[in-house]
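Chemist: To be precise about what I am sending: the file is called start23.csv and holds CSV, C-alpha atoms.
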chain,number,residue,atom,x,y,z
X,1,MET,CA,0.0,0.0,0.0
X,2,GLU,CA,1.7,3.2,-1.1
X,3,HIS,CA,-0.1,5.4,1.5
X,4,ILE,CA,-2.5,4.7,4.3
X,5,ASP,CA,-5.9,6.4,4.0
X,6,PRO,CA,-6.0,9.0,6.9
X,7,LYS,CA,-9.3,7.5,8.0
X,8,PHE,CA,-7.3,4.4,9.3
X,9,GLU,CA,-5.1,6.6,11.4
X,10,ARG,CA,-7.3,6.9,14.4
X,11,ASP,CA,-7.4,5.5,17.9
X,12,LYS,CA,-11.1,4.4,18.1
X,13,PHE,CA,-13.7,3.0,15.7
X,14,LEU,CA,-17.4,2.1,16.3
X,15,LEU,CA,-18.8,-0.9,14.4
X,16,HIS,CA,-22.5,-1.2,13.6
X,17,GLN,CA,-23.8,-4.3,11.9
X,18,LYS,CA,-26.6,-3.9,9.5
X,19,HIS,CA,-29.2,-6.6,10.2
X,20,PHE,CA,-31.7,-8.3,8.0
X,21,THR,CA,-29.5,-8.2,4.9
X,22,ILE,CA,-28.1,-10.9,2.6
X,23,GLY,CA,-24.5,-11.2,3.6
X,24,GLU,CA,-23.1,-9.3,6.5
X,25,LYS,CA,-22.7,-5.6,6.3
X,26,TYR,CA,-21.1,-3.1,8.7
X,27,TYR,CA,-20.7,0.6,9.0
X,28,ILE,CA,-17.5,1.8,10.7
X,29,TYR,CA,-17.8,5.2,12.4
X,30,ASP,CA,-15.5,7.5,14.3
X,31,GLU,CA,-16.2,8.5,17.9
X,32,LYS,CA,-18.4,11.4,16.7
X,33,GLU,CA,-20.5,8.9,14.8
X,34,GLN,CA,-19.2,10.1,11.4
X,35,PRO,CA,-19.0,7.3,8.8
X,36,LEU,CA,-15.6,6.1,7.9
X,37,PHE,CA,-16.0,2.8,6.1
X,38,TYR,CA,-18.5,0.4,4.7
X,39,VAL,CA,-17.7,-3.4,5.0
X,40,GLU,CA,-19.3,-6.4,3.3
X,41,ARG,CA,-18.7,-10.0,4.0
X,42,GLU,CA,-19.7,-12.2,1.0
X,43,LYS,CA,-22.2,-14.9,1.6
X,44,PHE,CA,-22.7,-18.2,-0.1
X,45,LYS,CA,-18.9,-18.7,-0.6
X,46,LEU,CA,-16.8,-21.6,0.5
X,47,HIS,CA,-14.3,-19.2,2.0
X,48,ALA,CA,-14.5,-15.8,3.8
X,49,HIS,CA,-14.1,-12.8,1.6
X,50,ILE,CA,-14.4,-9.4,3.2
X,51,HIS,CA,-14.4,-6.0,1.3
X,52,VAL,CA,-13.7,-2.7,3.0
X,53,TYR,CA,-14.9,0.3,1.1
X,54,ASN,CA,-14.6,4.0,1.5
X,55,ASP,CA,-18.4,4.3,1.8
X,56,ASP,CA,-21.6,2.4,1.0
X,57,SER,CA,-21.5,3.5,-2.6
X,58,LYS,CA,-18.6,1.0,-2.9
X,59,SER,CA,-16.9,3.3,-5.4
X,60,ARG,CA,-13.5,2.7,-3.8
X,61,GLU,CA,-12.3,-0.5,-2.2
X,62,LEU,CA,-9.7,0.0,0.4
X,63,LEU,CA,-8.9,-3.5,1.6
X,64,THR,CA,-9.8,-7.1,0.9
X,65,ILE,CA,-9.5,-9.8,3.5
X,66,LYS,CA,-9.7,-13.4,2.2
X,67,ASP,CA,-9.1,-16.9,3.4
X,68,LYS,CA,-5.7,-18.3,2.3
X,69,SER,CA,-7.3,-21.7,1.6
X,70,ILE,CA,-10.8,-23.0,1.3
X,71,PHE,CA,-9.7,-26.4,2.5
X,72,ASP,CA,-7.7,-25.5,5.6
X,73,VAL,CA,-9.5,-23.3,8.1
X,74,ASN,CA,-6.3,-22.8,10.1
X,75,ALA,CA,-4.4,-21.4,7.1
X,76,GLY,CA,-5.5,-17.9,8.1
X,77,MET,CA,-6.5,-14.9,6.1
X,78,ASP,CA,-4.6,-12.4,4.0
X,79,VAL,CA,-5.2,-8.6,4.0
X,80,LYS,CA,-4.5,-7.1,0.6
X,81,ASP,CA,-4.6,-3.7,-1.2
X,82,PRO,CA,-7.2,-4.4,-3.8
X,83,ALA,CA,-5.8,-1.7,-6.2
X,84,THR,CA,-2.4,-3.4,-6.5
X,85,GLY,CA,-3.0,-6.9,-5.1
X,86,GLU,CA,-0.1,-6.3,-2.7
X,87,LEU,CA,-0.2,-8.3,0.5
X,88,ILE,CA,-0.3,-6.0,3.6
X,89,GLY,CA,-0.3,-8.7,6.2
X,90,SER,CA,-2.1,-11.8,7.4
X,91,PHE,CA,-3.8,-13.3,10.4
X,92,LYS,CA,-3.6,-17.0,11.5
X,93,ARG,CA,-5.4,-18.7,14.4
X,94,ASP,CA,-2.9,-20.2,16.9
X,95,VAL,CA,-4.6,-23.6,17.3
X,96,VAL,CA,-2.7,-24.7,20.4
X,97,SER,CA,-3.1,-21.5,22.4
X,98,SER,CA,-6.8,-21.2,21.3
X,99,MET,CA,-7.6,-24.4,23.1
X,100,LEU,CA,-7.6,-22.3,26.3
X,101,ARG,CA,-7.7,-18.7,25.1
X,102,ARG,CA,-8.6,-17.7,21.5
X,103,THR,CA,-5.4,-16.4,20.0
X,104,TRP,CA,-4.5,-15.2,16.6
X,105,LYS,CA,-1.0,-14.6,15.2
X,106,ILE,CA,-0.5,-11.4,13.2
X,107,MET,CA,2.1,-11.5,10.4
X,108,ASP,CA,3.7,-8.8,8.2
X,109,ARG,CA,3.7,-9.0,4.4
X,110,ASN,CA,6.8,-11.3,4.5
X,111,GLY,CA,5.0,-13.9,6.8
X,112,ASN,CA,7.0,-12.9,9.9
X,113,GLU,CA,5.0,-13.0,13.1
X,114,ILE,CA,4.9,-9.5,14.5
X,115,GLY,CA,2.1,-9.8,17.1
X,116,HIS,CA,-1.0,-11.5,18.3
X,117,ALA,CA,-4.6,-10.9,19.3
X,118,MET,CA,-6.0,-12.8,22.2
X,119,GLU,CA,-9.0,-12.9,24.6
X,120,ASP,CA,-8.5,-10.4,27.3
X,121,SER,CA,-8.8,-12.7,30.3
X,122,ILE,CA,-7.7,-16.3,30.7
X,123,GLY,CA,-10.2,-16.7,33.5
X,124,LYS,CA,-13.1,-15.5,31.4
X,125,ALA,CA,-11.9,-17.6,28.5
X,126,LEU,CA,-11.9,-20.8,30.7
X,127,ILE,CA,-15.4,-20.0,32.0
X,128,ARG,CA,-16.6,-19.5,28.5
X,129,ARG,CA,-15.3,-22.9,27.4
X,130,PHE,CA,-16.1,-25.1,30.4
X,131,LEU,CA,-19.1,-23.8,32.3
X,132,PRO,CA,-22.7,-23.9,31.2
X,133,PHE,CA,-23.8,-20.5,29.8
X,134,GLY,CA,-20.2,-19.5,29.8
X,135,ALA,CA,-20.6,-18.5,26.1
X,136,LEU,CA,-22.9,-15.7,27.2
X,137,LEU,CA,-19.9,-13.8,28.7
X,138,LYS,CA,-18.7,-11.0,26.5
X,139,THR,CA,-15.4,-11.6,24.8
X,140,ASP,CA,-13.0,-8.7,24.5
X,141,PHE,CA,-9.7,-9.0,22.7
X,142,ILE,CA,-6.3,-7.4,23.2
X,143,ILE,CA,-4.0,-6.8,20.2
X,144,GLU,CA,-0.3,-6.6,20.6
X,145,ILE,CA,2.4,-5.8,18.0
X,146,ASN,CA,6.0,-6.2,18.9
X,147,ASN,CA,5.1,-6.9,22.5
X,148,ARG,CA,3.2,-3.6,22.8
X,149,GLU,CA,-0.6,-3.3,23.1
X,150,VAL,CA,-1.8,-1.4,20.1
X,151,GLY,CA,-5.5,-2.1,20.2
X,152,ARG,CA,-8.5,-3.6,21.9
X,153,PHE,CA,-11.8,-4.9,20.7
X,154,ILE,CA,-14.5,-4.2,23.3
X,155,ILE,CA,-18.1,-5.3,23.1
X,156,ASP,CA,-20.4,-2.6,24.2
X,157,LEU,CA,-23.6,-4.3,25.5
X,158,SER,CA,-25.5,-1.0,25.7
X,159,GLY,CA,-26.5,-1.3,22.1
X,160,ASN,CA,-24.4,1.7,21.0
X,161,GLY,CA,-22.2,-0.4,18.8
X,162,ARG,CA,-18.9,-2.1,19.4
X,163,LEU,CA,-15.9,-0.1,20.2
X,164,ALA,CA,-12.6,-1.1,18.6
X,165,THR,CA,-9.3,0.6,18.8
X,166,ASN,CA,-6.6,0.7,16.2
X,167,ILE,CA,-6.8,-2.3,13.8
X,168,SER,CA,-9.0,-4.4,16.0
X,169,TRP,CA,-12.1,-3.8,13.8
X,170,ILE,CA,-10.4,-5.6,11.0
X,171,PHE,CA,-9.7,-8.4,13.4
X,172,LEU,CA,-13.4,-8.5,14.5
X,173,LEU,CA,-14.5,-9.2,10.9
X,174,ILE,CA,-12.0,-12.1,10.7
X,175,LEU,CA,-13.1,-13.6,14.0
X,176,GLN,CA,-16.6,-14.1,12.8
X,177,ASP,CA,-15.6,-17.2,10.7
X,178,TYR,CA,-13.3,-18.7,13.3
X,179,SER,CA,-15.1,-18.8,16.6
X,180,THR,CA,-14.1,-22.0,18.4
X,181,GLU,CA,-17.5,-22.2,20.1
X,182,GLY,CA,-19.6,-21.4,17.1
X,183,TRP,CA,-20.7,-18.3,18.8
X,184,ARG,CA,-20.7,-15.4,16.4
X,185,TRP,CA,-20.2,-11.6,17.0
X,186,HIS,CA,-23.7,-10.4,16.4
I need this file expressed as structure tokens, please.
Modeler:
Amino acid sequence: MEHIDPKFERDKFLLHQKHFTIGEKYYIYDEKEQPLFYVEREKFKLHAHIHVYNDDSKSRELLTIKDKSIFDVNAGMDVKDPATGELIGSFKRDVVSSMLRRTWKIMDRNGNEIGHAMEDSIGKALIRRFLPFGALLKTDFIIEINNREVGRFIIDLSGNGRLATNISWIFLLILQDYSTEGWRWH
């Protein structure tokens, strides 16, 4: 990506899912509820394919996020610049760590692991997995790059949308296909 759209250079994003549609559609807003992006997840595909647009006119696609393989759900997903096809980075579920606490590896464009995203609390993660009704606990995620926290995904149960910081809203969209409990972020 030659340059980063300035709309990505913020600390907080609000995600609102549009319900009762074919496919999954999201609006991403800033803290003042000003629209930033429009996101669509294709339905009726064997693999996840997510498109991030400048707005809901879909006149300019900013990112594509796509499964690396339709046969291996642990292969992860690539984030690409749709204009050039250039790989920006990728995400891959850490299968072993995810047995206790959902964890994703974050890789740079060369495939080097540069960080991870994981459930915020090992205690809550264990409760969610092993106790009845544990899946009802909200799941927040911490995102770290080079051993430094750079973002969080926080579910806001007030109905005002989901607050995400930094790149975590992209991570949210990826999580929807890879929940270990089958519980989806709706």
Chemist: Contacts of stretch 106-119 of chain X at 6 Å or less, counting all atoms listed in the file, minus same-chain residues fewer than 6 places along, as a short mmCIF file (atom, residue, chain, number, x, y, z; two decimals) with C-alpha atoms, keeping the file's coordinate frame?
Modeler:
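Listed below is the output, around26.cif:
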data_model
loop_
_atom_site.label_atom_id
_atom_site.label_comp_id
_atom_site.auth_asym_id
_atom_site.auth_seq_id
_atom_site.Cartn_x
_atom_site.Cartn_y
_atom_site.Cartn_z
CA LEU X 87 -0.20 -8.30 0.50
CA ILE X 88 -0.30 -6.00 3.60
CA GLY X 89 -0.30 -8.70 6.20
CA SER X 90 -2.10 -11.80 7.40
CA PHE X 91 -3.80 -13.30 10.40
CA ASP X 140 -13.00 -8.70 24.50
CA PHE X 141 -9.70 -9.00 22.70
CA ILE X 142 -6.30 -7.40 23.20
CA ILE X 143 -4.00 -6.80 20.20
CA GLU X 144 -0.30 -6.60 20.60
CA ILE X 145 2.40 -5.80 18.00
CA ASN X 146 6.00 -6.20 18.90
#
Chemist: Record the distance separating atom CA of X:Asp120 and atom CA of X:Arg10, expressed in Å with one decimal.
Modeler: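 Rounded to one decimal, the two atoms are 21.6 Å apart.
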Chemist: Measuring atom to atom with all atoms listed in the file, identify which of X:Phe130, X:Lys25, X:Val95, X:Leu137 is nearest to X:Ala75.
Modeler: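 The shortest atom-to-atom distance to X:Ala75 comes from X:Val95.
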Chemist: If I take atom CA of X:Thr103 and atom CA of X:Arg148, how far is one from the other in Å, to one decimal?
Modeler: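 About the pair atom CA of X:Thr103 and atom CA of X:Arg148: they are 15.7 Å apart.
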Chemist: Return the single residue from X:Glu24, X:Glu40, X:Glu149, X:Asp5 that is closest to X:Leu62, with distances computed using all atoms listed in the file.
Modeler: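 The closest residue to X:Leu62 is X:Asp5.
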Chemist: Just give me the residues with any atom within 6 Å of (-2.8, -17.4, 19.3), file coordinates, counting all atoms listed in the file, written as a list in words.
Modeler: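 Protein, DNA and RNA residues close to (-2.8, -17.4, 19.3): Arg93, Asp94, Ser97, Ser98, Thr103, Trp104 and Lys105 of chain X.
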Chemist: Could you jot down the atom CA of X:Arg41 to atom CA of X:Val150 separation for me, Å, one decimal place?
Modeler: 24.9 Å
